[in-house]
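See below for the structure under consideration.
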Amino acid sequence: MSGNIDRLIEVMARLRDPDGGCPWDLEQTFHTIAPHTIEEAYEVADAIESGDMAALKDELGDLLFQVVYYAQMARESGEFDFDAIAGAISDKMIRRHPHVFGDVKVDSADEMVLRWEDQKAVEREAKAAVEGGKPPSVLDGITGGLPALTRAIKLQKRAARVGFDWAATPDILDKIEEEIGELRAELQVSDKARLQDELGDVLFAVTNLARRLDIDPETALRGTNAKFDRRFRRIEALLADDGRTPDQSNLDEMETLWQRAKREETALGATETRVEEKKE
């Protein structure tokens with residue numbers, strides 16, 4: 001394994017070599033590569049969602065290449081290298097798993113999560129003490145570069161650890177309805193900034209509901225996106241059978257076809273369930 005890692009590091013160094021390297025790679029910086037890293041991470045998630053293990057292996061390679069890319073640029077500036085990255089994450093994992101690498105006992109996954117968060121809190125306090133200038137916060141370490149829904153979940157979870165949380169699920173539903181009411185009121189004003197603010201509040205409240213239900217909102221929305229994609233393509237196919245395209249149809253007709261697509265999916269799902277039951 002180390003042979004392939006060493007080979008990959010050498011490939012990256014060659015690409016960045018001023019003497020005969022790739023002109024595009026030589027122009028890249030941490031900032032220009034960052035968007036590619038985010039894209040590769042999403043492609044990994046997509047491969048997992050589709051269950052395509054061959055694609056997952058390929059996408060994980062692309063994601064690993066991103067790490068090697070940063071390591072090479074950092075090595076060029078004398079900051080750190082790939083070995084330092086591997087060493088730092090190894091140290092962190094050992095430190096955060098004393099029940100595996102030490103003599104601490106953990107009886108469940110839930111207890112492990114609590115201990116993990118406690119250790120991270122200690123690390124945040126230590127980092128704040130070293131940096132100085134501002135008191136530590138329970139929200140420290142939640143990067144602003146995360147997708148908004150993911151960051152909302154992390155902010156809410158961190159606040160919940162110190163008791164700032166809804167008592168019950170119905171309370172969150174009430175909050176969602178309250179925020180929708182405020183959004184309706186702003187629709188009468190049509191102030192873009194205020195509408196954006198109120199819509200953000202609605203999304204934040206819905207994300208809170210997802211957290212309470214232990215549902216990842218990003219995963220839920222990806223599923224809905226895929227469902228919309230699938231059903232709209234079915235509308236296009238049904239219209240194509242009639243020699244038309246969506247822009248040659250109207251909303252009422254497309255809504256009727258949408259409902260047909262839903263019924264077809266429901267019927268197909270029921271059939272697949274019966275087939276699986278017979279197999280069992």
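Scheme for the structure tokens: letters A, B, ... for chains in order shown; per-chain residue numbers from 1; ligand numbers from 1 in order shown.
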*Residues at most 8 Å from Leu199 (chain A), counting only C-alpha atoms, excluding those fewer than 3 positions away in the same chain, as a ChimeraX atom specification?*
/A:180,183,195-196,202-203
*For Ile235 (chain A), work out the shell of residues within 9 Å, counting only C-alpha atoms and skipping chain neighbours fewer than 6 positions away, then give it as a list in words.*
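Counting only C-alpha atoms, the residues come to Pro246, Met254, Glu255, Leu257, Trp258, Arg260 and Ala261 of chain A.
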*Tell me, as a PyMOL selection string, which residues lie within 9 Å of region 84-94 of chain A, counting only C-alpha atoms; anything in the same chain fewer than 6 positions away does not count.*
chain A and resi 67+71+100-102
Keeping only all heavy atoms, write the selected residues to a file as a compact mmCIF listing (two decimals), in the first residue's frame.
# COMPACT_ATOMS: atom_id res chain seq x y z
N VAL A 67 -6.01 15.65 -1.42
CA VAL A 67 -5.18 15.76 -0.22
C VAL A 67 -3.70 15.82 -0.62
O VAL A 67 -2.93 16.63 -0.10
CB VAL A 67 -5.44 14.57 0.72
CG1 VAL A 67 -4.51 14.64 1.94
CG2 VAL A 67 -6.89 14.53 1.16
N ALA A 71 -0.92 18.75 0.01
CA ALA A 71 0.33 18.40 0.68
C ALA A 71 1.54 18.85 -0.15
O ALA A 71 2.53 19.36 0.39
CB ALA A 71 0.39 16.89 0.92
N VAL A 100 -10.03 2.71 22.82
CA VAL A 100 -9.39 1.74 21.92
C VAL A 100 -7.89 1.70 22.17
O VAL A 100 -7.29 0.63 22.26
CB VAL A 100 -9.67 2.09 20.44
CG1 VAL A 100 -8.90 1.15 19.52
CG2 VAL A 100 -11.15 2.04 20.14
N PHE A 101 -7.27 2.88 22.30
CA PHE A 101 -5.82 2.97 22.43
C PHE A 101 -5.38 3.22 23.88
O PHE A 101 -4.18 3.36 24.13
CB PHE A 101 -5.29 4.07 21.52
CG PHE A 101 -5.61 3.86 20.07
CD1 PHE A 101 -6.67 4.55 19.47
CD2 PHE A 101 -4.89 2.96 19.31
CE1 PHE A 101 -6.98 4.36 18.13
CE2 PHE A 101 -5.20 2.75 17.97
CZ PHE A 101 -6.25 3.45 17.38
N GLY A 102 -6.32 3.29 24.81
CA GLY A 102 -5.99 3.51 26.21
C GLY A 102 -6.79 2.58 27.09
O GLY A 102 -7.25 1.52 26.65
*Would you mind listing what lies within 9 Å of Glu236 (chain A) as a list in words, with only C-alpha atoms counted and same-chain residues fewer than 4 positions away left out?*
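The residues satisfying every condition are Arg231, Phe232, Ala240, Asp241, Arg244, Thr245, Pro246 and Met254 of chain A.
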Residues of the last selection are to be written out with N, CA and C atoms, as a PDB file, in the first residue's frame.
ATOM      1  N   ARG A 231     -39.154  11.826 -11.967  1.00  0.00           N
ATOM      2  CA  ARG A 231     -40.552  12.043 -12.353  1.00  0.00           C
ATOM      3  C   ARG A 231     -40.676  13.064 -13.482  1.00  0.00           C
ATOM      4  N   PHE A 232     -39.824  14.097 -13.468  1.00  0.00           N
ATOM      5  CA  PHE A 232     -39.912  15.083 -14.546  1.00  0.00           C
ATOM      6  C   PHE A 232     -39.465  14.466 -15.870  1.00  0.00           C
ATOM      7  N   ALA A 240     -43.204  13.196 -25.105  1.00  0.00           N
ATOM      8  CA  ALA A 240     -42.496  12.822 -26.332  1.00  0.00           C
ATOM      9  C   ALA A 240     -43.278  11.760 -27.105  1.00  0.00           C
ATOM     10  N   ASP A 241     -43.962  10.865 -26.362  1.00  0.00           N
ATOM     11  CA  ASP A 241     -44.798   9.849 -27.020  1.00  0.00           C
ATOM     12  C   ASP A 241     -45.893  10.502 -27.867  1.00  0.00           C
ATOM     13  N   ARG A 244     -44.467  15.872 -28.427  1.00  0.00           N
ATOM     14  CA  ARG A 244     -44.352  17.233 -27.893  1.00  0.00           C
ATOM     15  C   ARG A 244     -43.258  17.312 -26.838  1.00  0.00           C
ATOM     16  N   THR A 245     -42.945  18.543 -26.451  1.00  0.00           N
ATOM     17  CA  THR A 245     -41.980  18.820 -25.395  1.00  0.00           C
ATOM     18  C   THR A 245     -42.691  19.604 -24.293  1.00  0.00           C
ATOM     19  N   PRO A 246     -42.085  19.712 -23.095  1.00  0.00           N
ATOM     20  CA  PRO A 246     -42.736  20.448 -22.006  1.00  0.00           C
ATOM     21  C   PRO A 246     -43.152  21.865 -22.368  1.00  0.00           C
ATOM     22  N   MET A 254     -49.048  18.980 -17.326  1.00  0.00           N
ATOM     23  CA  MET A 254     -47.850  18.408 -16.732  1.00  0.00           C
ATOM     24  C   MET A 254     -48.104  17.933 -15.301  1.00  0.00           C
TER      25      MET A 254
END
_Could you tell me how far CA of Val113 (chain A) sits from CA of Ile153 (chain A), in Å to one decimal place?_
15.4 Å
*Taking into account only C-alpha atoms, which residue in the set A:Gln72, A:Thr256, A:Ser137, A:Ser50 is nearest to Arg14 (chain A)?*
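Closest to Arg14 (chain A) of all the choices is A:Gln72.
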*Taking the backbone alone, and naming residues the way the document does, which bits of region 49-192 of chain A are alpha helix (DSSP H) by DSSP, as an MDAnalysis selection string?*
chainID A and resid 49:50 53:76 82:96 98:101 109:131 148:160 169:187 192
*Expressed in Å to a single decimal, how great is the separation between CA of Leu63 (chain A) and CA of Phe30 (chain A)?*
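CA of Phe30 (chain A) lies at a distance of 14.7 Å from CA of Leu63 (chain A).
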